[in-house]
Amino acid sequence: MRCVTVRARRTLVIPVVALLVTLGAAGARAGTLPAKGTEILWDKWGIPHITAADHPSLFYAYGYAQMEAHSELLLRLYAQARGRGAEFYGEKYLEADKWVRVNGIPARALGNPPDGDVRDCCVRHHR
């Protein structure tokens with residue numbers, strides 16, 4: 001049985017976050033920065049309130065706020081959604097990983113994307 005300690009998780013999270021920041025910076029150079037006037041205001045309960053001029057700016061700010069507030073959770077959910085939770089977080093995720101892989105969940109997610117602005121924002125988010 002493989003046990004992943006908190007220190008090992010942090011060791012895994014730091015390079016992943018650095019990669020995401022690097023990819024985000026590369027995407028920002030490609031013209032995906034939010035429009036001027038986009039802002040995130042955090043209230044005293046830690047809830048982000050986002051003001052944006054257009055949908056791409058809103059999606060950018062929402063993703064930023066989620067990573068800021070819940071980075072460890074999002075990384076775990078990404079691993080679980082791809083059937084790789086046990087690989088990073090231990091044996092307790094093995095059954096769920098098998099189910100995800102047997103049912104082809106990652107491939108199904110690519111099969112029927114939404115239309116319009118939402119689709120464009122989703123596509124940019126996953127590059």
# chains A, B, ... in the order shown; residues from 1 in each chain; ligands from 1
call {"tool": "residues_around", "arguments": {"residues": "Gly83 in chain A", "least_positions_apart": "6", "cutoff": "12 Å", "atoms": "only C-alpha atoms", "output": "PyMOL selection string"}}
result
chain A and resi 76-77+89+93-107
call {"tool": "write_last_selection", "arguments": {"atoms": "C-alpha atoms", "output": "mmCIF file, in the first residue's frame"}}
result
data_model
loop_
_atom_site.group_PDB
_atom_site.id
_atom_site.type_symbol
_atom_site.label_atom_id
_atom_site.label_comp_id
_atom_site.auth_asym_id
_atom_site.auth_seq_id
_atom_site.Cartn_x
_atom_site.Cartn_y
_atom_site.Cartn_z
ATOM 1 C CA ARG A 76 -7.304 16.523 -6.777
ATOM 2 C CA LEU A 77 -10.508 16.799 -8.826
ATOM 3 C CA TYR A 89 -3.422 10.668 -3.661
ATOM 4 C CA TYR A 93 -9.062 6.439 -5.016
ATOM 5 C CA LEU A 94 -8.335 3.214 -6.919
ATOM 6 C CA GLU A 95 -11.950 2.005 -7.284
ATOM 7 C CA ALA A 96 -13.138 5.412 -8.525
ATOM 8 C CA ASP A 97 -10.221 5.531 -10.989
ATOM 9 C CA LYS A 98 -11.193 2.127 -12.375
ATOM 10 C CA TRP A 99 -14.801 3.295 -12.828
ATOM 11 C CA VAL A 100 -13.702 6.485 -14.614
ATOM 12 C CA ARG A 101 -11.422 4.580 -16.982
ATOM 13 C CA VAL A 102 -13.830 1.711 -17.683
ATOM 14 C CA ASN A 103 -16.601 4.174 -18.540
ATOM 15 C CA GLY A 104 -14.334 6.409 -20.629
ATOM 16 C CA ILE A 105 -15.305 9.607 -18.830
ATOM 17 C CA PRO A 106 -12.441 11.809 -20.152
ATOM 18 C CA ALA A 107 -13.243 10.834 -23.761
#
call {"tool": "residues_around", "arguments": {"residues": "Lys36 in chain A", "least_positions_apart": "2", "cutoff": "10 Å", "atoms": "only C-alpha atoms", "output": "list in words"}}
result
Leu33, Pro34, Thr38, Glu39, Ala52, Ala53 and Ser57 of chain A
call {"tool": "residues_around", "arguments": {"residues": "Ala65 in chain A", "least_positions_apart": "3", "cutoff": "12 Å", "atoms": "only C-alpha atoms", "output": "PyMOL selection string"}}
result
chain A and resi 39-42+46-50+58-62+68-71+74
call {"tool": "closest_residue", "arguments": {"among": "A:Gly37, A:Leu73, A:Asp117, A:Ala81", "to": "Pro56 in chain A", "atoms": "only C-alpha atoms"}}
result
A:Asp117
